[in-house]
$ cat structure.pdb   # PDB, C-alpha atoms, pLDDT in the B column
ATOM      1  CA  MET Y   1      10.303 -27.403 -22.469  1.00 42.00           C
ATOM      2  CA  GLY Y   2      11.162 -25.563 -19.323  1.00 49.00           C
ATOM      3  CA  ASN Y   3      14.491 -25.191 -17.573  1.00 53.00           C
ATOM      4  CA  PHE Y   4      15.157 -28.319 -15.502  1.00 54.00           C
ATOM      5  CA  SER Y   5      18.658 -27.443 -14.301  1.00 59.00           C
ATOM      6  CA  ASN Y   6      17.574 -27.466 -10.651  1.00 67.00           C
ATOM      7  CA  VAL Y   7      15.813 -30.836 -10.792  1.00 70.00           C
ATOM      8  CA  ASN Y   8      17.638 -33.628  -8.963  1.00 74.00           C
ATOM      9  CA  ILE Y   9      17.137 -37.115 -10.350  1.00 75.00           C
ATOM     10  CA  SER Y  10      18.799 -40.156  -8.840  1.00 77.00           C
ATOM     11  CA  GLN Y  11      18.464 -43.861  -9.486  1.00 73.00           C
ATOM     12  CA  GLN Y  12      19.560 -46.872  -7.544  1.00 81.00           C
ATOM     13  CA  LEU Y  13      20.709 -49.648  -9.895  1.00 77.00           C
ATOM     14  CA  LEU Y  14      21.452 -53.307  -9.333  1.00 76.00           C
ATOM     15  CA  VAL Y  15      25.059 -53.497 -10.592  1.00 76.00           C
ATOM     16  CA  ASP Y  16      24.980 -57.071 -11.943  1.00 79.00           C
ATOM     17  CA  THR Y  17      21.888 -56.676 -14.119  1.00 81.00           C
ATOM     18  CA  GLY Y  18      21.490 -52.921 -14.486  1.00 75.00           C
ATOM     19  CA  THR Y  19      17.963 -53.218 -13.132  1.00 82.00           C
ATOM     20  CA  VAL Y  20      16.581 -49.976 -11.725  1.00 77.00           C
ATOM     21  CA  LEU Y  21      15.657 -50.527  -8.079  1.00 76.00           C
ATOM     22  CA  SER Y  22      14.382 -47.033  -7.387  1.00 77.00           C
ATOM     23  CA  THR Y  23      14.180 -43.587  -8.897  1.00 75.00           C
ATOM     24  CA  SER Y  24      13.737 -40.346  -7.027  1.00 74.00           C
ATOM     25  CA  VAL Y  25      13.081 -36.902  -8.388  1.00 71.00           C
ATOM     26  CA  SER Y  26      13.215 -33.746  -6.308  1.00 71.00           C
ATOM     27  CA  PHE Y  27      12.447 -30.168  -7.232  1.00 64.00           C
ATOM     28  CA  PRO Y  28      13.547 -27.044  -5.440  1.00 66.00           C
ATOM     29  CA  ASP Y  29      10.813 -25.236  -3.551  1.00 62.00           C
ATOM     30  CA  PRO Y  30       9.190 -22.806  -5.965  1.00 56.00           C
ATOM     31  CA  PRO Y  31       9.454 -19.164  -5.040  1.00 54.00           C
ATOM     32  CA  SER Y  32       6.373 -17.598  -3.505  1.00 56.00           C
ATOM     33  CA  VAL Y  33       5.246 -15.487  -6.430  1.00 62.00           C
ATOM     34  CA  THR Y  34       2.076 -13.501  -6.744  1.00 65.00           C
ATOM     35  CA  PRO Y  35       1.692 -12.608 -10.415  1.00 69.00           C
ATOM     36  CA  ALA Y  36       1.014  -9.013 -11.367  1.00 69.00           C
ATOM     37  CA  TYR Y  37      -1.732 -10.074 -13.785  1.00 74.00           C
ATOM     38  CA  TYR Y  38      -4.069 -13.066 -13.591  1.00 79.00           C
ATOM     39  CA  LEU Y  39      -5.924 -13.387 -16.906  1.00 82.00           C
ATOM     40  CA  TYR Y  40      -3.112 -15.112 -18.806  1.00 83.00           C
ATOM     41  CA  TYR Y  41      -2.553 -17.754 -16.127  1.00 83.00           C
ATOM     42  CA  SER Y  42      -6.278 -18.196 -15.549  1.00 85.00           C
ATOM     43  CA  MET Y  43      -6.768 -18.927 -19.241  1.00 88.00           C
ATOM     44  CA  GLN Y  44      -3.877 -21.411 -19.231  1.00 88.00           C
ATOM     45  CA  LEU Y  45      -5.429 -23.289 -16.326  1.00 87.00           C
ATOM     46  CA  PHE Y  46      -8.926 -23.122 -17.837  1.00 88.00           C
ATOM     47  CA  PHE Y  47      -7.840 -24.827 -21.066  1.00 90.00           C
ATOM     48  CA  ALA Y  48      -5.393 -27.201 -19.362  1.00 88.00           C
ATOM     49  CA  ASN Y  49      -8.301 -28.509 -17.297  1.00 88.00           C
ATOM     50  CA  GLY Y  50     -10.634 -29.166 -20.216  1.00 90.00           C
ATOM     51  CA  GLY Y  51     -12.106 -25.699 -20.790  1.00 89.00           C
ATOM     52  CA  GLY Y  52     -13.743 -25.110 -24.157  1.00 89.00           C
ATOM     53  CA  PRO Y  53     -15.089 -22.129 -26.064  1.00 90.00           C
ATOM     54  CA  CYS Y  54     -15.350 -18.995 -23.950  1.00 91.00           C
ATOM     55  CA  TYR Y  55     -16.101 -15.295 -24.212  1.00 92.00           C
ATOM     56  CA  ILE Y  56     -13.445 -12.812 -23.160  1.00 90.00           C
ATOM     57  CA  VAL Y  57     -14.605  -9.224 -22.769  1.00 90.00           C
ATOM     58  CA  SER Y  58     -11.848  -6.634 -22.642  1.00 85.00           C
ATOM     59  CA  ILE Y  59     -12.343  -3.881 -20.103  1.00 84.00           C
ATOM     60  CA  GLY Y  60      -9.282  -1.913 -21.156  1.00 78.00           C
ATOM     61  CA  THR Y  61      -5.629  -2.014 -20.285  1.00 76.00           C
ATOM     62  CA  TYR Y  62      -3.552  -1.542 -17.202  1.00 73.00           C
ATOM     63  CA  ASP Y  63      -1.972   1.871 -16.706  1.00 70.00           C
ATOM     64  CA  ASP Y  64       1.771   2.497 -16.935  1.00 72.00           C
ATOM     65  CA  ASN Y  65       2.175   1.486 -13.286  1.00 69.00           C
ATOM     66  CA  GLY Y  66       0.374  -1.843 -13.794  1.00 64.00           C
ATOM     67  CA  ALA Y  67      -2.775  -0.684 -12.000  1.00 65.00           C
ATOM     68  CA  MET Y  68      -6.288  -1.583 -13.090  1.00 64.00           C
ATOM     69  CA  PRO Y  69      -8.314   1.053 -14.959  1.00 56.00           C
ATOM     70  CA  GLY Y  70      -9.734   3.823 -12.774  1.00 53.00           C
ATOM     71  CA  THR Y  71     -13.354   3.006 -13.649  1.00 57.00           C
ATOM     72  CA  LEU Y  72     -12.977  -0.584 -12.566  1.00 74.00           C
ATOM     73  CA  VAL Y  73     -16.513  -1.247 -11.320  1.00 83.00           C
ATOM     74  CA  ASP Y  74     -18.171   0.347 -14.365  1.00 87.00           C
ATOM     75  CA  ASP Y  75     -15.845  -1.526 -16.725  1.00 86.00           C
ATOM     76  CA  PHE Y  76     -16.538  -4.916 -15.147  1.00 88.00           C
ATOM     77  CA  THR Y  77     -20.280  -4.382 -14.733  1.00 92.00           C
ATOM     78  CA  GLY Y  78     -20.493  -3.096 -18.313  1.00 93.00           C
ATOM     79  CA  ALA Y  79     -18.823  -6.304 -19.494  1.00 93.00           C
ATOM     80  CA  ILE Y  80     -21.316  -8.393 -17.506  1.00 95.00           C
ATOM     81  CA  ASP Y  81     -24.193  -6.401 -19.022  1.00 96.00           C
ATOM     82  CA  GLU Y  82     -22.755  -7.035 -22.491  1.00 95.00           C
ATOM     83  CA  LEU Y  83     -22.545 -10.790 -21.829  1.00 96.00           C
ATOM     84  CA  GLU Y  84     -26.243 -10.849 -20.953  1.00 97.00           C
ATOM     85  CA  LYS Y  85     -26.952 -10.344 -24.679  1.00 97.00           C
ATOM     86  CA  PHE Y  86     -25.557 -13.806 -25.465  1.00 96.00           C
ATOM     87  CA  ASP Y  87     -27.088 -17.156 -24.571  1.00 95.00           C
ATOM     88  CA  GLU Y  88     -23.880 -19.222 -24.568  1.00 94.00           C
ATOM     89  CA  PRO Y  89     -21.992 -17.915 -21.501  1.00 95.00           C
ATOM     90  CA  THR Y  90     -22.772 -19.958 -18.407  1.00 94.00           C
ATOM     91  CA  LEU Y  91     -19.927 -18.998 -16.070  1.00 94.00           C
ATOM     92  CA  TYR Y  92     -18.734 -15.544 -15.027  1.00 95.00           C
ATOM     93  CA  VAL Y  93     -15.166 -15.186 -13.772  1.00 92.00           C
ATOM     94  CA  PHE Y  94     -13.102 -12.031 -13.549  1.00 85.00           C
ATOM     95  CA  PRO Y  95      -9.454 -12.739 -12.802  1.00 82.00           C
ATOM     96  CA  GLY Y  96      -7.722  -9.657 -11.533  1.00 74.00           C
ATOM     97  CA  ILE Y  97     -10.734  -8.062  -9.825  1.00 77.00           C
ATOM     98  CA  ASN Y  98      -8.989  -8.801  -6.549  1.00 71.00           C
ATOM     99  CA  LEU Y  99      -6.190  -6.421  -7.575  1.00 67.00           C
ATOM    100  CA  GLY Y 100      -8.501  -3.444  -7.099  1.00 66.00           C
ATOM    101  CA  THR Y 101     -10.081  -2.428  -3.836  1.00 65.00           C
ATOM    102  CA  SER Y 102     -12.291  -4.710  -1.775  1.00 66.00           C
ATOM    103  CA  GLY Y 103     -15.303  -2.518  -2.550  1.00 69.00           C
ATOM    104  CA  ASN Y 104     -14.731  -2.974  -6.272  1.00 78.00           C
ATOM    105  CA  ALA Y 105     -14.613  -6.760  -5.991  1.00 79.00           C
ATOM    106  CA  ILE Y 106     -17.783  -6.773  -3.893  1.00 80.00           C
ATOM    107  CA  SER Y 107     -19.689  -4.452  -6.248  1.00 84.00           C
ATOM    108  CA  VAL Y 108     -18.710  -6.440  -9.326  1.00 87.00           C
ATOM    109  CA  GLY Y 109     -19.487  -9.761  -7.633  1.00 86.00           C
ATOM    110  CA  ASP Y 110     -22.877  -8.465  -6.539  1.00 88.00           C
ATOM    111  CA  HIS Y 111     -23.642  -7.282 -10.093  1.00 92.00           C
ATOM    112  CA  ALA Y 112     -22.618 -10.660 -11.537  1.00 93.00           C
ATOM    113  CA  LEU Y 113     -24.814 -12.530  -9.047  1.00 91.00           C
ATOM    114  CA  GLN Y 114     -27.764 -10.278  -9.908  1.00 93.00           C
ATOM    115  CA  SER Y 115     -27.203 -11.048 -13.591  1.00 96.00           C
ATOM    116  CA  CYS Y 116     -27.102 -14.793 -12.862  1.00 95.00           C
ATOM    117  CA  GLU Y 117     -30.303 -14.569 -10.852  1.00 94.00           C
ATOM    118  CA  LYS Y 118     -32.038 -12.585 -13.589  1.00 96.00           C
ATOM    119  CA  LEU Y 119     -31.021 -14.957 -16.410  1.00 97.00           C
ATOM    120  CA  GLN Y 120     -31.278 -18.188 -14.367  1.00 95.00           C
ATOM    121  CA  ASP Y 121     -28.656 -19.957 -16.530  1.00 96.00           C
ATOM    122  CA  ARG Y 122     -25.290 -18.713 -15.206  1.00 96.00           C
ATOM    123  CA  PHE Y 123     -22.981 -19.074 -12.256  1.00 96.00           C
ATOM    124  CA  THR Y 124     -20.285 -16.746 -10.881  1.00 93.00           C
ATOM    125  CA  ILE Y 125     -16.910 -17.702  -9.407  1.00 90.00           C
ATOM    126  CA  MET Y 126     -15.354 -14.855  -7.456  1.00 84.00           C
ATOM    127  CA  ASP Y 127     -11.973 -14.011  -6.021  1.00 78.00           C
ATOM    128  CA  ILE Y 128     -11.690 -12.630  -2.531  1.00 75.00           C
ATOM    129  CA  HIS Y 129      -9.805  -9.376  -2.330  1.00 70.00           C
ATOM    130  CA  ASN Y 130      -6.429  -9.685  -0.629  1.00 68.00           C
ATOM    131  CA  ALA Y 131      -6.643 -13.446   0.019  1.00 67.00           C
ATOM    132  CA  ILE Y 132      -2.888 -13.709   0.287  1.00 65.00           C
ATOM    133  CA  PRO Y 133      -0.595 -14.240   3.269  1.00 61.00           C
ATOM    134  CA  GLY Y 134      -1.022 -11.202   5.466  1.00 65.00           C
ATOM    135  CA  GLY Y 135      -4.360 -10.351   3.832  1.00 67.00           C
ATOM    136  CA  THR Y 136      -7.710 -12.014   4.420  1.00 62.00           C
ATOM    137  CA  VAL Y 137      -6.959 -14.423   7.233  1.00 59.00           C
ATOM    138  CA  ASN Y 138      -9.615 -17.140   7.284  1.00 69.00           C
ATOM    139  CA  ASN Y 139     -13.083 -18.241   6.238  1.00 69.00           C
ATOM    140  CA  ALA Y 140     -14.664 -16.100   8.949  1.00 72.00           C
ATOM    141  CA  ASP Y 141     -13.121 -13.015   7.307  1.00 71.00           C
ATOM    142  CA  VAL Y 142     -14.571 -14.104   3.972  1.00 71.00           C
ATOM    143  CA  ASN Y 143     -18.052 -14.378   5.489  1.00 70.00           C
ATOM    144  CA  THR Y 144     -17.792 -11.141   7.439  1.00 70.00           C
ATOM    145  CA  VAL Y 145     -16.290  -8.985   4.716  1.00 65.00           C
ATOM    146  CA  PHE Y 146     -17.922 -10.384   1.621  1.00 65.00           C
ATOM    147  CA  ARG Y 147     -21.085 -12.346   2.260  1.00 65.00           C
ATOM    148  CA  ASP Y 148     -22.578 -10.921   5.427  1.00 62.00           C
ATOM    149  CA  GLY Y 149     -21.712  -7.298   4.957  1.00 54.00           C
ATOM    150  CA  SER Y 150     -21.793  -6.613   1.279  1.00 58.00           C
ATOM    151  CA  LEU Y 151     -24.119  -8.533  -1.000  1.00 64.00           C
ATOM    152  CA  SER Y 152     -27.398  -6.815  -1.773  1.00 66.00           C
ATOM    153  CA  ASP Y 153     -29.437 -10.032  -1.484  1.00 74.00           C
ATOM    154  CA  LEU Y 154     -28.146 -13.208   0.173  1.00 74.00           C
ATOM    155  CA  ASP Y 155     -30.551 -15.249  -1.975  1.00 80.00           C
ATOM    156  CA  PHE Y 156     -28.254 -14.452  -4.921  1.00 82.00           C
ATOM    157  CA  THR Y 157     -25.467 -16.521  -3.341  1.00 83.00           C
ATOM    158  CA  LYS Y 158     -26.930 -19.711  -4.819  1.00 88.00           C
ATOM    159  CA  TYR Y 159     -25.685 -18.371  -8.160  1.00 92.00           C
ATOM    160  CA  GLY Y 160     -22.083 -18.010  -7.121  1.00 89.00           C
ATOM    161  CA  ALA Y 161     -19.093 -19.298  -5.221  1.00 84.00           C
ATOM    162  CA  ILE Y 162     -16.054 -17.733  -3.646  1.00 81.00           C
ATOM    163  CA  TYR Y 163     -12.862 -19.686  -3.427  1.00 76.00           C
ATOM    164  CA  TYR Y 164     -10.405 -19.136  -0.652  1.00 72.00           C
ATOM    165  CA  PRO Y 165      -7.497 -19.296  -0.256  1.00 69.00           C
ATOM    166  CA  TYR Y 166      -5.982 -18.624  -3.663  1.00 69.00           C
ATOM    167  CA  LEU Y 167      -4.885 -21.675  -5.545  1.00 70.00           C
ATOM    168  CA  LYS Y 168      -1.157 -22.184  -5.822  1.00 70.00           C
ATOM    169  CA  THR Y 169       0.042 -23.714  -9.087  1.00 73.00           C
ATOM    170  CA  ALA Y 170       3.259 -24.406 -10.916  1.00 71.00           C
ATOM    171  CA  ILE Y 171       2.180 -21.954 -13.624  1.00 69.00           C
ATOM    172  CA  ASN Y 172       3.500 -18.460 -12.979  1.00 60.00           C
TER
END

$ encode --input "structure.pdb" --output "structure tokens"
Amino acid sequence: MGNFSNVNISQQLLVDTGTVLSTSVSFPDPPSVTPAYYLYYSMQLFFANGGGPCYIVSIGTYDDNGAMPGTLVDDFTGAIDELEKFDEPTLYVFPGINLGTSGNAISVGDHALQSCEKLQDRFTIMDIHNAIPGGTVNNADVNTVFRDGSLSDLDFTKYGAIYYPYLKTAIN
């Protein structure tokens, strides 16, 4: 169980009978937190929402400063190439790709979409780089930066989706 010391619960009771007339629960506003790493929370949400067996391909570790590996694009695309050897994977996701540079996210997304198109049995869900307050501003930015200017073949987009803005959850 979590810490519920900041939760306010109040009830209105009918004095004669002890019958509860109303109950209210209020929570403090959660802090605006952007986690340093996304895989752990992404896996929690995947299984909490009915996710089943999945493949996780390690691409290495973060450096001492918490940064992604220097060969980010090669690591991610190598993992996608490795997954092509298996028939079971049907969905490509790469939490944390958005922590690199925009070019990395675009290159990896493009590679994943090409893999999906080649195999015809997979779908890619991609993060948008910097889709946080003060970053990517709106859907037009998503189209301009990612779709219109970067993908090698727009026909591949039927094998993928980009979600924007980032989902906010109680898990952090």

$ residues_around --input "structure.pdb" --residues "Ser10 in chain Y" --least-positions-apart "5" --cutoff "9 Å" --atoms "all atoms listed in the file" --output "list in words"
Ser22, Thr23, Ser24, Val25 and Ser26 of chain Y

$ write_last_selection --input "structure.pdb" --atoms "C-alpha atoms" --output "PDB file, keeping the file's coordinate frame"
ATOM      1  CA  SER Y  22      14.382 -47.033  -7.387  1.00 77.00           C
ATOM      2  CA  THR Y  23      14.180 -43.587  -8.897  1.00 75.00           C
ATOM      3  CA  SER Y  24      13.737 -40.346  -7.027  1.00 74.00           C
ATOM      4  CA  VAL Y  25      13.081 -36.902  -8.388  1.00 71.00           C
ATOM      5  CA  SER Y  26      13.215 -33.746  -6.308  1.00 71.00           C
TER       6      SER Y  26
END

$ atom_distance --input "structure.pdb" --atom1 "CA of Gly78 in chain Y" --atom2 "CA of Ile59 in chain Y"
8.4 Å

$ residues_near_point --input "structure.pdb" --point "(-23.5, -8.1, -20.8)" --cutoff "12 Å" --atoms "only C-alpha atoms" --output "mmCIF file with C-alpha atoms, in the coordinates of the input"
data_model
loop_
_atom_site.group_PDB
_atom_site.id
_atom_site.type_symbol
_atom_site.label_atom_id
_atom_site.label_comp_id
_atom_site.auth_asym_id
_atom_site.auth_seq_id
_atom_site.Cartn_x
_atom_site.Cartn_y
_atom_site.Cartn_z
ATOM 1 C CA TYR Y 55 -16.101 -15.295 -24.212
ATOM 2 C CA ILE Y 56 -13.445 -12.812 -23.160
ATOM 3 C CA VAL Y 57 -14.605 -9.224 -22.769
ATOM 4 C CA SER Y 58 -11.848 -6.634 -22.642
ATOM 5 C CA ILE Y 59 -12.343 -3.881 -20.103
ATOM 6 C CA ASP Y 74 -18.171 0.347 -14.365
ATOM 7 C CA ASP Y 75 -15.845 -1.526 -16.725
ATOM 8 C CA PHE Y 76 -16.538 -4.916 -15.147
ATOM 9 C CA THR Y 77 -20.280 -4.382 -14.733
ATOM 10 C CA GLY Y 78 -20.493 -3.096 -18.313
ATOM 11 C CA ALA Y 79 -18.823 -6.304 -19.494
ATOM 12 C CA ILE Y 80 -21.316 -8.393 -17.506
ATOM 13 C CA ASP Y 81 -24.193 -6.401 -19.022
ATOM 14 C CA GLU Y 82 -22.755 -7.035 -22.491
ATOM 15 C CA LEU Y 83 -22.545 -10.790 -21.829
ATOM 16 C CA GLU Y 84 -26.243 -10.849 -20.953
ATOM 17 C CA LYS Y 85 -26.952 -10.344 -24.679
ATOM 18 C CA PHE Y 86 -25.557 -13.806 -25.465
ATOM 19 C CA ASP Y 87 -27.088 -17.156 -24.571
ATOM 20 C CA GLU Y 88 -23.880 -19.222 -24.568
ATOM 21 C CA PRO Y 89 -21.992 -17.915 -21.501
ATOM 22 C CA TYR Y 92 -18.734 -15.544 -15.027
ATOM 23 C CA HIS Y 111 -23.642 -7.282 -10.093
ATOM 24 C CA ALA Y 112 -22.618 -10.660 -11.537
ATOM 25 C CA GLN Y 114 -27.764 -10.278 -9.908
ATOM 26 C CA SER Y 115 -27.203 -11.048 -13.591
ATOM 27 C CA CYS Y 116 -27.102 -14.793 -12.862
ATOM 28 C CA LEU Y 119 -31.021 -14.957 -16.410
#

$ closest_residue --input "structure.pdb" --among "Y:Ile128, Y:Val7, Y:Tyr159, Y:Thr17" --to "Thr144 in chain Y" --atoms "all atoms listed in the file"
Y:Ile128

$ residues_around --input "structure.pdb" --residues "Ile162 in chain Y" --least-positions-apart "6" --cutoff "9 Å" --atoms "only C-alpha atoms" --output "VMD selection string"
chain Y and resid 124 to 128 142

$ closest_residue --input "structure.pdb" --among "Y:Ile9, Y:Val73, Y:Leu39, Y:Ile106" --to "Val93 in chain Y" --atoms "all atoms listed in the file"
Y:Leu39

$ atom_distance --input "structure.pdb" --atom1 "CA of Phe46 in chain Y" --atom2 "CA of Thr169 in chain Y"
12.5 Å

$ atom_distance --input "structure.pdb" --atom1 "CA of Ile97 in chain Y" --atom2 "CA of Asp110 in chain Y"
12.6 Å
